[in-house]
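**Student:** This one is final10.cif, mmCIF, C-alpha atoms.
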```cif
data_upload
#
loop_
_atom_site.label_atom_id
_atom_site.label_comp_id
_atom_site.auth_asym_id
_atom_site.auth_seq_id
_atom_site.Cartn_x
_atom_site.Cartn_y
_atom_site.Cartn_z
CA MET A 252 -28.13 -20.20 -37.12
CA SER A 253 -27.82 -16.51 -37.92
CA THR A 254 -28.43 -17.16 -41.63
CA PHE A 255 -31.49 -19.20 -40.68
CA THR A 256 -32.89 -16.35 -38.52
CA ASP A 257 -32.10 -13.78 -41.21
CA ALA A 258 -33.90 -15.89 -43.79
CA ASN A 259 -36.93 -16.12 -41.48
CA LYS A 260 -36.93 -12.39 -40.96
CA LYS A 261 -36.66 -11.74 -44.70
CA PHE A 262 -39.49 -14.16 -45.44
CA GLN A 263 -41.69 -12.58 -42.73
CA LYS A 264 -40.92 -9.09 -44.08
CA GLU A 265 -41.85 -10.08 -47.62
CA LEU A 266 -45.10 -11.66 -46.42
CA ASN A 267 -45.92 -8.59 -44.33
CA SER A 268 -45.48 -6.17 -47.20
CA GLY A 269 -48.43 -7.77 -48.93
CA THR A 270 -50.66 -8.71 -46.01
CA ALA A 271 -50.33 -5.71 -43.66
CA ALA A 272 -52.78 -3.62 -45.69
CA LEU A 273 -55.31 -6.49 -45.74
CA VAL A 274 -55.01 -6.98 -41.97
CA LEU A 275 -55.41 -3.26 -41.21
CA LEU A 276 -58.43 -2.92 -43.49
CA SER A 277 -60.00 -5.95 -41.86
CA ILE A 278 -59.44 -4.61 -38.31
CA LEU A 279 -60.91 -1.23 -39.20
CA ALA A 280 -63.89 -2.84 -40.98
CA ARG A 281 -64.71 -4.78 -37.80
CA ALA A 282 -64.21 -1.79 -35.49
CA ASP A 283 -67.33 -0.07 -34.15
CA GLU A 284 -65.62 3.30 -34.07
CA PRO A 285 -62.54 4.96 -35.61
CA MET A 286 -59.25 3.71 -34.15
CA TYR A 287 -55.87 5.40 -33.69
CA GLY A 288 -52.54 3.79 -34.52
CA TYR A 289 -51.55 2.88 -30.99
CA ARG A 290 -54.90 1.18 -30.31
CA ILE A 291 -54.66 -0.81 -33.54
CA ALA A 292 -51.15 -1.91 -32.53
CA LYS A 293 -52.41 -3.00 -29.09
CA PHE A 294 -55.30 -4.86 -30.72
CA MET A 295 -52.89 -6.76 -32.96
CA GLU A 296 -50.77 -7.56 -29.94
CA VAL A 297 -53.76 -9.27 -28.27
CA ASP A 298 -54.91 -10.95 -31.45
CA GLU A 299 -51.61 -12.39 -32.56
CA GLU A 300 -50.22 -15.77 -31.61
CA ASN A 301 -46.58 -16.80 -31.35
CA VAL A 302 -44.48 -14.41 -33.46
CA PRO A 303 -45.59 -10.78 -33.87
CA MET A 304 -46.66 -10.25 -37.46
CA MET A 305 -44.89 -6.94 -37.78
CA LYS A 306 -43.30 -4.19 -35.73
CA GLN A 307 -45.81 -1.68 -34.39
CA GLY A 308 -43.97 1.22 -36.00
CA ALA A 309 -44.33 -0.34 -39.45
CA LEU A 310 -48.13 0.02 -39.20
CA TYR A 311 -48.04 3.79 -39.51
CA PRO A 312 -46.64 4.10 -43.05
CA VAL A 313 -49.15 1.44 -44.20
CA LEU A 314 -52.02 3.39 -42.61
CA ARG A 315 -50.76 6.50 -44.35
CA SER A 316 -50.52 4.73 -47.68
CA LEU A 317 -54.07 3.34 -47.33
CA GLU A 318 -55.34 6.80 -46.51
CA GLY A 319 -53.51 8.23 -49.52
CA SER A 320 -55.27 5.67 -51.74
CA GLY A 321 -58.68 6.67 -50.37
CA LEU A 322 -59.28 3.33 -48.62
CA LEU A 323 -59.16 4.95 -45.18
CA GLU A 324 -60.06 8.40 -43.91
CA SER A 325 -58.77 10.06 -40.79
CA HIS A 326 -59.20 12.96 -38.42
CA VAL A 327 -57.14 14.29 -35.55
CA ASP A 328 -58.58 14.68 -32.06
CA PRO A 329 -56.73 16.17 -29.11
CA SER A 330 -56.04 13.82 -26.24
CA VAL A 331 -56.32 14.78 -22.56
CA SER A 332 -53.32 12.74 -21.52
CA GLY A 333 -50.88 13.01 -24.42
CA PRO A 334 -50.26 14.07 -28.00
CA PRO A 335 -53.20 14.48 -30.43
CA ARG A 336 -54.39 11.20 -31.91
CA ARG A 337 -55.16 10.46 -35.56
CA TYR A 338 -58.28 8.30 -35.81
CA TYR A 339 -58.72 6.07 -38.85
CA LYS A 340 -61.97 4.82 -40.36
CA ILE A 341 -62.49 2.58 -43.39
CA THR A 342 -64.19 4.17 -46.43
CA GLU A 343 -66.78 2.66 -48.80
CA SER A 344 -64.09 1.93 -51.39
CA GLY A 345 -61.97 0.44 -48.58
CA LEU A 346 -64.79 -2.00 -47.79
CA GLU A 347 -65.11 -2.97 -51.46
CA ILE A 348 -61.37 -3.51 -51.82
CA LEU A 349 -61.36 -5.55 -48.61
CA LYS A 350 -63.96 -7.93 -50.10
CA SER A 351 -61.96 -8.41 -53.26
CA TRP A 352 -58.61 -8.75 -51.41
CA SER A 353 -60.18 -11.30 -49.03
CA LYS A 354 -61.15 -13.44 -52.02
CA ILE A 355 -57.62 -13.21 -53.44
CA TRP A 356 -56.24 -14.11 -49.99
CA ASP A 357 -58.52 -17.18 -49.73
CA GLN A 358 -57.43 -18.37 -53.17
CA THR A 359 -53.74 -17.81 -52.37
CA LYS A 360 -54.04 -19.51 -48.98
CA SER A 361 -55.79 -22.53 -50.40
CA PHE A 362 -53.23 -22.79 -53.23
CA VAL A 363 -50.24 -22.55 -50.86
CA ASP A 364 -51.86 -24.98 -48.37
CA GLY A 365 -52.52 -27.40 -51.20
CA ILE A 366 -48.86 -27.41 -52.17
CA LEU A 367 -47.53 -27.49 -48.60
CA LYS A 368 -49.78 -30.36 -47.53
CA GLY A 369 -48.97 -32.29 -50.69
CA LYS A 370 -52.51 -32.62 -52.01
CA ALA A 371 -51.22 -32.46 -55.57
CA ASP A 372 -48.66 -34.87 -57.00
CA VAL A 373 -45.43 -33.27 -58.16
CA MET B 91 -29.49 0.97 -27.17
CA CYS B 92 -31.72 4.01 -26.66
CA LYS B 93 -32.13 5.48 -23.16
CA ASP B 94 -35.19 7.59 -23.89
CA VAL B 95 -37.66 8.64 -26.58
CA ASN B 96 -35.55 11.62 -27.64
CA GLU B 97 -32.53 9.42 -28.29
CA TYR B 98 -34.69 7.02 -30.33
CA LEU B 99 -36.00 9.95 -32.40
CA ALA B 100 -32.46 11.23 -33.00
CA LYS B 101 -31.42 7.77 -34.25
CA LEU B 102 -34.50 7.47 -36.46
CA LYS B 103 -33.74 10.90 -37.91
CA LYS B 104 -30.20 9.74 -38.71
CA GLU B 105 -31.49 6.54 -40.34
CA LEU B 106 -33.83 8.59 -42.53
CA GLU B 107 -31.05 10.95 -43.63
CA GLY B 108 -31.39 11.86 -47.29
CA CYS B 109 -35.15 11.14 -47.31
CA ASP B 110 -37.78 13.69 -48.15
CA SER B 111 -37.99 16.16 -45.24
CA ALA B 112 -41.81 15.89 -45.09
CA LEU B 113 -41.56 12.09 -44.77
CA LEU B 114 -39.00 12.55 -42.00
CA GLN B 115 -41.34 14.88 -40.11
CA ASP B 116 -44.21 12.36 -40.42
CA ALA B 117 -42.06 9.43 -39.28
CA LEU B 118 -40.78 11.34 -36.25
CA SER B 119 -44.28 12.52 -35.37
CA ASP B 120 -45.70 8.95 -35.62
CA ALA B 121 -42.87 7.50 -33.51
CA GLU B 122 -42.99 10.22 -30.86
CA GLY B 123 -46.78 9.96 -30.51
CA HIS B 124 -46.73 6.16 -30.25
CA LEU B 125 -43.78 5.85 -27.88
CA ARG B 126 -44.99 8.57 -25.52
CA MET B 127 -48.43 6.92 -25.33
CA ALA B 128 -46.84 3.51 -24.71
CA LEU B 129 -44.48 4.99 -22.12
CA GLU B 130 -47.29 6.69 -20.26
CA GLU B 131 -49.26 3.44 -20.18
CA ALA B 132 -46.24 1.43 -19.03
CA LEU B 133 -45.35 3.87 -16.26
CA SER B 134 -48.87 4.49 -14.99
CA GLY B 135 -49.24 3.10 -11.48
CA LYS B 136 -45.54 2.18 -11.36
CA PRO B 137 -43.82 5.31 -10.03
CA LYS B 138 -40.62 3.42 -9.23
CA LEU B 139 -39.92 2.54 -12.86
CA SER B 140 -37.90 4.96 -14.98
CA GLU B 141 -38.21 5.73 -18.71
CA THR B 142 -34.87 4.04 -19.37
CA GLU B 143 -36.05 0.79 -17.79
CA VAL B 144 -39.14 0.40 -19.97
CA ILE B 145 -38.00 2.01 -23.20
CA VAL B 146 -36.03 -1.06 -24.33
CA SER B 147 -39.10 -3.32 -24.39
CA LEU B 148 -41.19 -0.60 -26.02
CA ILE B 149 -38.65 -0.16 -28.81
CA GLU B 150 -38.46 -3.94 -29.23
CA LYS B 151 -42.20 -3.88 -30.04
CA TYR B 152 -42.16 -0.65 -32.05
CA GLY B 153 -39.13 -1.57 -34.12
CA SER B 154 -35.55 -0.35 -34.20
CA PRO B 155 -34.81 2.97 -35.94
CA LYS B 156 -33.28 0.98 -38.82
CA GLU B 157 -36.34 -1.28 -39.24
CA ILE B 158 -38.79 1.63 -39.07
CA ALA B 159 -36.77 3.79 -41.47
CA SER B 160 -36.75 0.90 -43.93
CA ALA B 161 -40.57 0.49 -43.60
CA TYR B 162 -41.14 4.19 -44.33
CA ARG B 163 -38.76 4.15 -47.29
CA ALA B 164 -40.49 1.06 -48.75
CA ILE B 165 -44.00 2.49 -48.48
CA GLU B 166 -43.01 5.97 -49.64
CA SER B 167 -41.49 4.56 -52.81
CA ARG B 168 -44.93 3.14 -53.67
CA THR B 169 -47.02 6.19 -52.65
CA SER B 170 -46.74 9.33 -54.72
CA PRO B 171 -48.43 12.66 -54.00
CA THR B 172 -51.85 13.05 -55.61
CA LEU B 173 -50.91 14.97 -58.73
CA ALA B 174 -47.33 13.86 -59.13
CA VAL B 175 -47.92 12.26 -62.52
CA SER B 176 -45.43 10.83 -64.93
CA ARG B 177 -43.30 13.25 -66.85
CA THR B 178 -44.16 14.27 -70.38
CA LYS B 179 -42.78 11.80 -72.86
CA LYS B 180 -39.63 13.06 -74.50
CA THR B 181 -40.65 11.54 -77.81
CA GLN B 182 -43.43 14.11 -78.23
CA SER B 183 -42.83 16.95 -80.69
CA SER B 184 -42.32 20.44 -79.31
CA TRP B 185 -45.79 21.44 -80.59
CA ALA B 186 -47.40 18.52 -78.77
CA ARG B 187 -45.48 19.42 -75.61
CA PHE B 188 -46.54 23.07 -75.92
CA PHE B 189 -50.27 22.35 -76.34
CA GLY B 190 -50.18 19.12 -74.28
CA VAL B 191 -49.87 21.21 -71.12
CA LEU B 192 -53.65 21.67 -71.31
CA THR B 193 -54.13 17.97 -70.60
CA GLU B 194 -51.60 17.83 -67.74
CA PRO B 195 -53.18 17.37 -64.28
CA LYS B 196 -50.15 19.06 -62.73
CA ALA B 197 -50.70 22.25 -64.76
CA TRP B 198 -54.42 22.26 -63.88
CA GLY B 199 -53.55 21.62 -60.22
CA ALA B 200 -51.21 24.63 -60.24
CA PHE B 201 -53.87 26.70 -62.04
CA PHE B 202 -56.47 25.91 -59.36
CA TYR B 203 -53.90 26.47 -56.62
CA MET B 204 -53.28 29.98 -57.97
CA LEU B 205 -57.01 30.71 -58.12
CA LEU B 206 -57.57 29.30 -54.63
CA SER B 207 -54.68 31.36 -53.25
CA PHE B 208 -56.97 34.40 -53.44
CA ILE B 209 -59.07 32.92 -50.62
CA THR B 210 -56.26 31.16 -48.72
CA GLY B 211 -54.07 34.28 -48.97
CA LEU B 212 -56.83 36.47 -47.59
CA VAL B 213 -57.73 34.06 -44.78
CA PHE B 214 -54.22 32.90 -43.77
CA GLY B 215 -52.51 36.27 -44.33
CA GLY B 216 -55.39 38.19 -42.78
CA TRP B 217 -55.38 35.96 -39.70
CA ALA B 218 -51.58 36.13 -39.37
CA LEU B 219 -51.57 39.92 -39.63
CA PHE B 220 -54.61 40.95 -37.62
CA ALA B 221 -54.75 38.21 -34.97
CA GLY B 222 -50.95 38.51 -34.68
CA LEU B 223 -51.10 42.25 -34.13
CA ILE B 224 -53.96 41.97 -31.63
CA SER B 225 -52.24 39.22 -29.64
CA LEU B 226 -48.96 41.19 -29.73
CA CYS B 227 -50.76 44.24 -28.32
CA THR B 228 -52.25 42.17 -25.49
CA LEU B 229 -48.75 40.98 -24.50
CA VAL B 230 -48.49 43.94 -22.13
CA PHE B 231 -51.15 42.22 -20.00
CA ILE B 232 -50.60 38.85 -18.32
CA ILE B 233 -53.50 37.33 -20.33
CA GLY B 234 -51.61 38.24 -23.53
CA ILE B 235 -49.00 35.50 -23.11
CA PRO B 236 -51.40 32.50 -23.42
CA LEU B 237 -53.26 34.37 -26.18
CA PHE B 238 -50.03 34.83 -28.13
CA GLY B 239 -49.19 31.15 -27.56
CA LEU B 240 -52.59 30.13 -28.94
CA PHE B 241 -52.03 32.41 -31.93
CA LEU B 242 -48.68 30.73 -32.67
CA LEU B 243 -50.33 27.31 -32.38
CA SER B 244 -53.01 28.41 -34.87
CA ILE B 245 -50.21 29.38 -37.28
CA ARG B 246 -48.88 25.81 -37.06
CA GLY B 247 -52.37 24.56 -37.89
CA ILE B 248 -52.48 26.88 -40.89
CA ALA B 249 -49.06 25.60 -41.98
CA LEU B 250 -50.32 21.99 -41.91
CA LEU B 251 -53.50 22.89 -43.83
CA GLU B 252 -51.59 24.86 -46.46
CA GLY B 253 -49.20 21.90 -46.74
CA ARG B 254 -52.12 19.59 -47.50
CA ILE B 255 -53.38 22.00 -50.22
CA VAL B 256 -49.87 22.29 -51.70
CA GLU B 257 -49.49 18.50 -51.81
CA ALA B 258 -52.95 17.91 -53.30
CA LEU B 259 -52.73 20.58 -56.00
CA LEU B 260 -49.00 21.00 -56.67
CA GLY B 261 -47.95 17.38 -56.11
CA ILE B 262 -45.16 18.33 -53.69
CA ARG B 263 -44.73 15.96 -50.73
CA MET B 264 -45.60 17.88 -47.55
CA PRO B 265 -46.08 16.80 -43.91
CA ARG B 266 -49.23 14.76 -43.30
CA ARG B 267 -48.98 14.74 -39.53
CA SER B 268 -49.27 17.63 -37.14
CA LEU B 269 -46.44 18.57 -34.84
CA PHE B 270 -47.19 18.38 -31.18
CA LEU B 271 -45.55 19.67 -28.08
CA ASP B 272 -44.52 17.28 -25.32
CA SER B 273 -47.49 17.19 -22.94
CA ASN B 274 -45.10 16.64 -20.02
CA LEU B 275 -43.80 20.18 -20.45
CA SER B 276 -45.15 22.98 -18.28
CA TRP B 277 -47.17 25.75 -19.95
CA LYS B 278 -44.18 28.06 -19.67
CA ASP B 279 -41.84 25.51 -21.32
CA MET B 280 -44.38 24.84 -24.10
CA PHE B 281 -44.59 28.58 -24.78
CA MET B 282 -40.79 28.86 -24.82
CA ALA B 283 -40.55 25.84 -27.15
CA LEU B 284 -42.98 27.53 -29.55
CA ILE B 285 -41.05 30.79 -29.43
CA LYS B 286 -37.62 29.19 -29.83
CA GLU B 287 -38.46 27.01 -32.81
CA SER B 288 -37.60 28.69 -36.12
CA TYR B 289 -40.35 26.60 -37.79
CA THR B 290 -43.03 28.67 -35.98
CA TRP B 291 -41.63 31.95 -37.31
CA LYS B 292 -41.11 30.63 -40.82
CA ALA B 293 -44.73 29.43 -40.88
CA LEU B 294 -45.85 32.87 -39.65
CA LEU B 295 -43.81 34.64 -42.34
CA TYR B 296 -45.22 32.27 -44.95
CA ALA B 297 -48.80 33.03 -43.85
CA VAL B 298 -48.17 36.80 -43.98
CA LEU B 299 -46.53 36.60 -47.43
CA GLN B 300 -49.43 34.52 -48.73
CA PHE B 301 -51.54 37.68 -48.51
CA PRO B 302 -49.77 39.59 -51.35
CA LEU B 303 -48.70 36.41 -53.16
CA GLY B 304 -52.28 35.08 -53.22
CA LEU B 305 -53.52 38.32 -54.76
CA ILE B 306 -50.76 38.37 -57.39
CA TYR B 307 -51.21 34.68 -58.27
CA SER B 308 -55.00 34.70 -58.50
CA LEU B 309 -55.47 38.02 -60.27
CA GLY B 310 -52.54 37.37 -62.63
CA ILE B 311 -53.69 33.92 -63.70
CA LEU B 312 -57.32 34.99 -63.94
CA PHE B 313 -56.34 37.92 -66.18
CA LEU B 314 -54.29 35.71 -68.52
CA PHE B 315 -56.97 32.98 -68.61
CA ALA B 316 -59.79 35.45 -69.32
CA THR B 317 -57.72 37.28 -71.96
CA SER B 318 -56.87 34.08 -73.82
CA LEU B 319 -60.52 32.95 -73.80
CA SER B 320 -61.75 36.34 -75.00
CA PHE B 321 -59.11 36.38 -77.78
CA ILE B 322 -60.15 32.89 -78.90
CA GLY B 323 -63.83 33.84 -78.86
CA SER B 324 -63.34 37.34 -80.34
CA PRO B 325 -64.57 36.50 -83.92
CA VAL B 326 -67.84 35.07 -82.54
CA LEU B 327 -68.23 37.74 -79.84
CA GLU B 328 -67.62 40.68 -82.17
CA LEU B 329 -69.20 39.51 -85.43
CA VAL B 330 -72.17 37.52 -84.12
CA PHE B 331 -72.98 39.09 -80.73
CA HIS B 332 -71.44 42.56 -81.42
CA ILE B 333 -69.60 42.55 -78.10
CA PRO B 334 -66.35 44.56 -78.33
CA LEU B 335 -63.03 43.67 -76.72
CA ASP B 336 -62.48 45.45 -73.42
CA LEU B 337 -58.93 46.84 -73.54
CA PHE B 338 -58.19 48.37 -70.13
CA GLY B 339 -61.62 49.98 -69.88
CA ASP B 340 -61.95 50.99 -73.57
CA ASP B 341 -64.39 49.09 -75.77
CA VAL B 342 -62.63 48.30 -79.04
CA PHE B 343 -63.90 46.53 -82.15
CA THR B 344 -61.06 44.72 -83.86
CA PRO B 345 -60.71 45.24 -87.62
CA VAL B 346 -62.17 42.17 -89.34
CA TRP B 347 -58.89 41.28 -91.10
CA PHE B 348 -57.13 41.28 -87.71
CA LEU B 349 -59.65 38.98 -85.97
CA PRO B 350 -58.04 35.67 -87.11
CA ILE B 351 -54.67 36.86 -85.76
CA VAL B 352 -56.26 37.76 -82.39
CA CYS B 353 -57.99 34.35 -82.33
CA ILE B 354 -54.75 32.48 -83.08
CA ALA B 355 -52.94 34.59 -80.46
CA GLY B 356 -55.57 33.42 -77.95
CA PHE B 357 -54.90 29.77 -78.85
CA PHE B 358 -51.22 30.36 -78.05
CA LEU B 359 -51.81 32.45 -74.96
CA LEU B 360 -53.96 29.75 -73.30
CA PRO B 361 -51.24 27.05 -73.18
CA LEU B 362 -48.69 29.73 -72.29
CA THR B 363 -50.87 30.60 -69.29
CA PHE B 364 -50.82 26.96 -68.19
CA HIS B 365 -47.06 26.68 -68.72
CA LEU B 366 -46.68 29.73 -66.50
CA ALA B 367 -49.05 28.21 -63.89
CA ARG B 368 -47.06 24.97 -63.89
CA TRP B 369 -43.79 26.86 -63.45
CA VAL B 370 -45.19 29.04 -60.65
CA GLY B 371 -46.60 25.89 -59.00
CA LYS B 372 -43.17 24.24 -59.11
CA VAL B 373 -41.35 27.26 -57.67
CA HIS B 374 -44.03 27.88 -55.04
CA GLY B 375 -43.97 24.20 -54.03
CA LYS B 376 -40.22 24.40 -53.33
CA TYR B 377 -40.69 27.65 -51.43
CA ALA B 378 -43.57 26.15 -49.37
CA LYS B 379 -41.46 23.12 -48.57
CA SER B 380 -38.56 25.24 -47.36
CA MET B 381 -40.86 27.26 -45.10
CA LEU B 382 -43.42 24.74 -43.82
CA VAL B 383 -41.38 21.60 -43.09
CA ARG B 384 -39.68 21.43 -39.72
CA ALA B 385 -37.30 18.51 -39.94
#
```
Could you take the file, read its structure, and then write that structure out as structure tokens?

**Tutor:**
Amino acid sequence: MSTFTDANKKFQKELNSGTAALVLLSILARADEPMYGYRIAKFMEVDEENVPMMKQGALYPVLRSLEGSGLLESHVDPSVSGPPRRYYKITESGLEILKSWSKIWDQTKSFVDGILKGKADV
Amino acid sequence: MCKDVNEYLAKLKKELEGCDSALLQDALSDAEGHLRMALEEALSGKPKLSETEVIVSLIEKYGSPKEIASAYRAIESRTSPTLAVSRTKKTQSSWARFFGVLTEPKAWGAFFYMLLSFITGLVFGGWALFAGLISLCTLVFIIGIPLFGLFLLSIRGIALLEGRIVEALLGIRMPRRSLFLDSNLSWKDMFMALIKESYTWKALLYAVLQFPLGLIYSLGILFLFATSLSFIGSPVLELVFHIPLDLFGDDVFTPVWFLPIVCIAGFFLLPLTFHLARWVGKVHGKYAKSMLVRA
């Protein structure tokens, strides 16, 4: 049982490492205004079904990495009730990359679905 | 199992042992910010609940220290600082390595850092010295205490900004997140926390020292750069435009037979200048890291 759960976790982790950036870019592209990490995490909590895609804390290094690559930009604003918040916004190059990654995602999804649903003969 | 945010942070710090100190500071800052926000939301309107009672479910969502440390390590291994480029190939000849420095982004980054340090040194050092002295003088009045606290906070802001410049131009990983003080603390406790933390004083010392260092770096590198360019251009400047070399205020025309030697010396001095800039950048980056990173 434990091996089974570990294998699931490992598979989920490997999937996340590739898709987290795509998901974050997509959320920020749809957002009307810049969002901070905690709000993005809460949004994903509402949006997700069944199993959480990834731990909330794992979002932050991905956000940082996307910012480092110029796909996101950020600014810090003080908060009345707590620590200062870092607000993230998608950049022009982030939007372009999102388009191209979405295409790659569609192709991958359709390929994997095709195999899983047995559309092609082995 | 963690009983509160501080215990979680201590465990995360332990899990990230051996990692870059700037990464550690960022990870702790992200976790503290997130968990305190989540805690505040969870406890709002429920005065009977304690931090210990809700922290378990919050950590379950945020991720255990082990999981989060692993996420930071994984991402960091794929993200390098802006100018941290691959090392010079060892197969290159020593001549190629000597002149190749002119094509190295790291050397140019260090060169621009040294030039820019004229302005940053004046602004940061000037602010640290004059605003520091003024706020120290006002400490005899009651209003002086919050003023001095604000001054120390501004020094932390300067430390973060200088860190960003160091990372962008020198390619040394520096903190990307600001430090914040626990908003649950009283003003007095926040002030004491600022005073007690060695990081505040190291950042202040760094800002003050940037004043002389900035002048030395910028004037030194500018002198070497201008000298090498004037040496390289001396045959054209002297023979075609009749502009003499300016040697410490004296206008000197170089003997014609000596001009090729001066020109060649300029071609050697230029890469030497960039080697020096790269070396200074490396040493200064280590020094900045030791002074401006808290964790």

**Student:** For B:Ile235, work out the shell of residues within 12 Å, counting all atoms listed in the file and skipping chain neighbours fewer than 3 positions away, then give it as number ranges by chain.

**Tutor:** B: 224-232, 238-242, 277-278, 280-282, 284-285

**Student:** Kindly provide, as a PyMOL selection string, the residues of chain B having any atom no farther than 7 Å from an atom of chain A, counting only C-alpha atoms.

**Tutor:** chain B and resi 120-121+123-124+127+151-153+158+161-162+165+169+270+273

**Student:** Exactly which residues make up the result of the PyMOL selection byres ((chain B and resi 250) around 12) on this file, given as a short mmCIF file (atom, residue, chain, number, x, y, z; two decimals) with C-alpha atoms, keeping the file's coordinate frame?

**Tutor:**
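So selection27.cif came out as:
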```
data_model
loop_
_atom_site.label_atom_id
_atom_site.label_comp_id
_atom_site.auth_asym_id
_atom_site.auth_seq_id
_atom_site.Cartn_x
_atom_site.Cartn_y
_atom_site.Cartn_z
CA ALA B 112 -41.81 15.89 -45.09
CA GLN B 115 -41.34 14.88 -40.11
CA ASP B 116 -44.21 12.36 -40.42
CA PHE B 214 -54.22 32.90 -43.77
CA LEU B 243 -50.33 27.31 -32.38
CA SER B 244 -53.01 28.41 -34.87
CA ILE B 245 -50.21 29.38 -37.28
CA ARG B 246 -48.88 25.81 -37.06
CA GLY B 247 -52.37 24.56 -37.89
CA ILE B 248 -52.48 26.88 -40.89
CA ALA B 249 -49.06 25.60 -41.98
CA LEU B 251 -53.50 22.89 -43.83
CA GLU B 252 -51.59 24.86 -46.46
CA GLY B 253 -49.20 21.90 -46.74
CA ARG B 254 -52.12 19.59 -47.50
CA ILE B 255 -53.38 22.00 -50.22
CA VAL B 256 -49.87 22.29 -51.70
CA GLU B 257 -49.49 18.50 -51.81
CA MET B 264 -45.60 17.88 -47.55
CA PRO B 265 -46.08 16.80 -43.91
CA ARG B 266 -49.23 14.76 -43.30
CA ARG B 267 -48.98 14.74 -39.53
CA SER B 268 -49.27 17.63 -37.14
CA LEU B 269 -46.44 18.57 -34.84
CA PHE B 270 -47.19 18.38 -31.18
CA TYR B 289 -40.35 26.60 -37.79
CA THR B 290 -43.03 28.67 -35.98
CA ALA B 293 -44.73 29.43 -40.88
CA LEU B 294 -45.85 32.87 -39.65
CA TYR B 296 -45.22 32.27 -44.95
CA ALA B 297 -48.80 33.03 -43.85
CA ALA B 378 -43.57 26.15 -49.37
CA LYS B 379 -41.46 23.12 -48.57
CA MET B 381 -40.86 27.26 -45.10
CA LEU B 382 -43.42 24.74 -43.82
CA VAL B 383 -41.38 21.60 -43.09
CA ARG B 384 -39.68 21.43 -39.72
#
```

**Student:** Got a sec: who's within 9 Å of B:Tyr203, counting only C-alpha atoms, leaving out chain neighbours fewer than 3 positions off, as number ranges by chain?

**Tutor:** B: 198-200, 206-207, 255-256, 259-260, 307-308, 367, 371

**Student:** What does the file look like for those residues with C-alpha atoms, as a PDB file, in the frame of the given file?

**Tutor:**
```
ATOM      1  CA  TRP B 198     -54.420  22.260 -63.880  1.00  0.00           C
ATOM      2  CA  GLY B 199     -53.550  21.620 -60.220  1.00  0.00           C
ATOM      3  CA  ALA B 200     -51.210  24.630 -60.240  1.00  0.00           C
ATOM      4  CA  LEU B 206     -57.570  29.300 -54.630  1.00  0.00           C
ATOM      5  CA  SER B 207     -54.680  31.360 -53.250  1.00  0.00           C
ATOM      6  CA  ILE B 255     -53.380  22.000 -50.220  1.00  0.00           C
ATOM      7  CA  VAL B 256     -49.870  22.290 -51.700  1.00  0.00           C
ATOM      8  CA  LEU B 259     -52.730  20.580 -56.000  1.00  0.00           C
ATOM      9  CA  LEU B 260     -49.000  21.000 -56.670  1.00  0.00           C
ATOM     10  CA  TYR B 307     -51.210  34.680 -58.270  1.00  0.00           C
ATOM     11  CA  SER B 308     -55.000  34.700 -58.500  1.00  0.00           C
ATOM     12  CA  ALA B 367     -49.050  28.210 -63.890  1.00  0.00           C
ATOM     13  CA  GLY B 371     -46.600  25.890 -59.000  1.00  0.00           C
TER      14      GLY B 371
END
```

**Student:** Quote the spacing between atom CA of B:Thr142 and atom CA of B:Asp94 in Å to one decimal place.

**Tutor:** 5.8 Å

**Student:** Could you jot down the atom CA of B:Trp217 to atom CA of B:Trp291 separation for me, Å, one decimal place?

**Tutor:**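 If I compute the distance from atom CA of B:Trp217 to atom CA of B:Trp291, I get 14.5 Å.
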
**Student:** I'd like the contact shell of stretch 349-352 of chain B - 10 Å cut-off, only C-alpha atoms, skipping same-chain residues fewer than 2 positions apart - returned as a PyMOL selection string.

**Tutor:** chain B and resi 318+320-326+328-329+343-347+354-358

**Student:** Out of A:Asn259, A:Ala280, A:Ile291, A:Met304, which residue has the shortest atom-to-atom distance to A:Ile348 when counting all atoms listed in the file?

**Tutor:**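 Of the candidates, the smallest distance to A:Ile348 is held by A:Ala280.
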
**Student:** Rounded to one decimal place, report the atom CA of A:Lys261-atom CA of A:Met286 distance in Å.

**Tutor:**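 So the answer is 29.3 Å.
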
**Student:** Give the answer as one residue: which of B:Ser134, B:Ser288, B:Ser111, B:Gln300 has the shortest atom-to-atom distance to B:Gly211, using only C-alpha atoms?

**Tutor:**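 Answer, going by the shortest atom-to-atom distance: B:Gln300.
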
**Student:** Please evaluate the PyMOL selection byres ((chain A and resi 276) around 12) against the structure above and give the resulting residues as number ranges by chain.

**Tutor:** A: 270-275, 277-282, 285-286, 291, 310, 313-314, 316-318, 321-324, 339-353

**Student:** Supply stretch 318-322 of chain A as a CSV table (one decimal), in the coordinates of the input, with N, CA and C atoms built in where the input has gaps.

**Tutor:**
```csv
chain,number,residue,atom,x,y,z
A,318,GLU,N,-54.6,5.5,-46.5
A,318,GLU,CA,-55.3,6.8,-46.5
A,318,GLU,C,-55.1,7.6,-47.8
A,319,GLY,N,-53.9,7.6,-48.3
A,319,GLY,CA,-53.5,8.2,-49.5
A,319,GLY,C,-54.2,7.6,-50.7
A,320,SER,N,-54.6,6.3,-50.6
A,320,SER,CA,-55.3,5.7,-51.7
A,320,SER,C,-56.8,5.8,-51.6
A,321,GLY,N,-57.2,6.5,-50.5
A,321,GLY,CA,-58.7,6.7,-50.4
A,321,GLY,C,-59.4,5.5,-49.7
A,322,LEU,N,-58.6,4.5,-49.2
A,322,LEU,CA,-59.3,3.3,-48.6
A,322,LEU,C,-59.6,3.6,-47.1
```
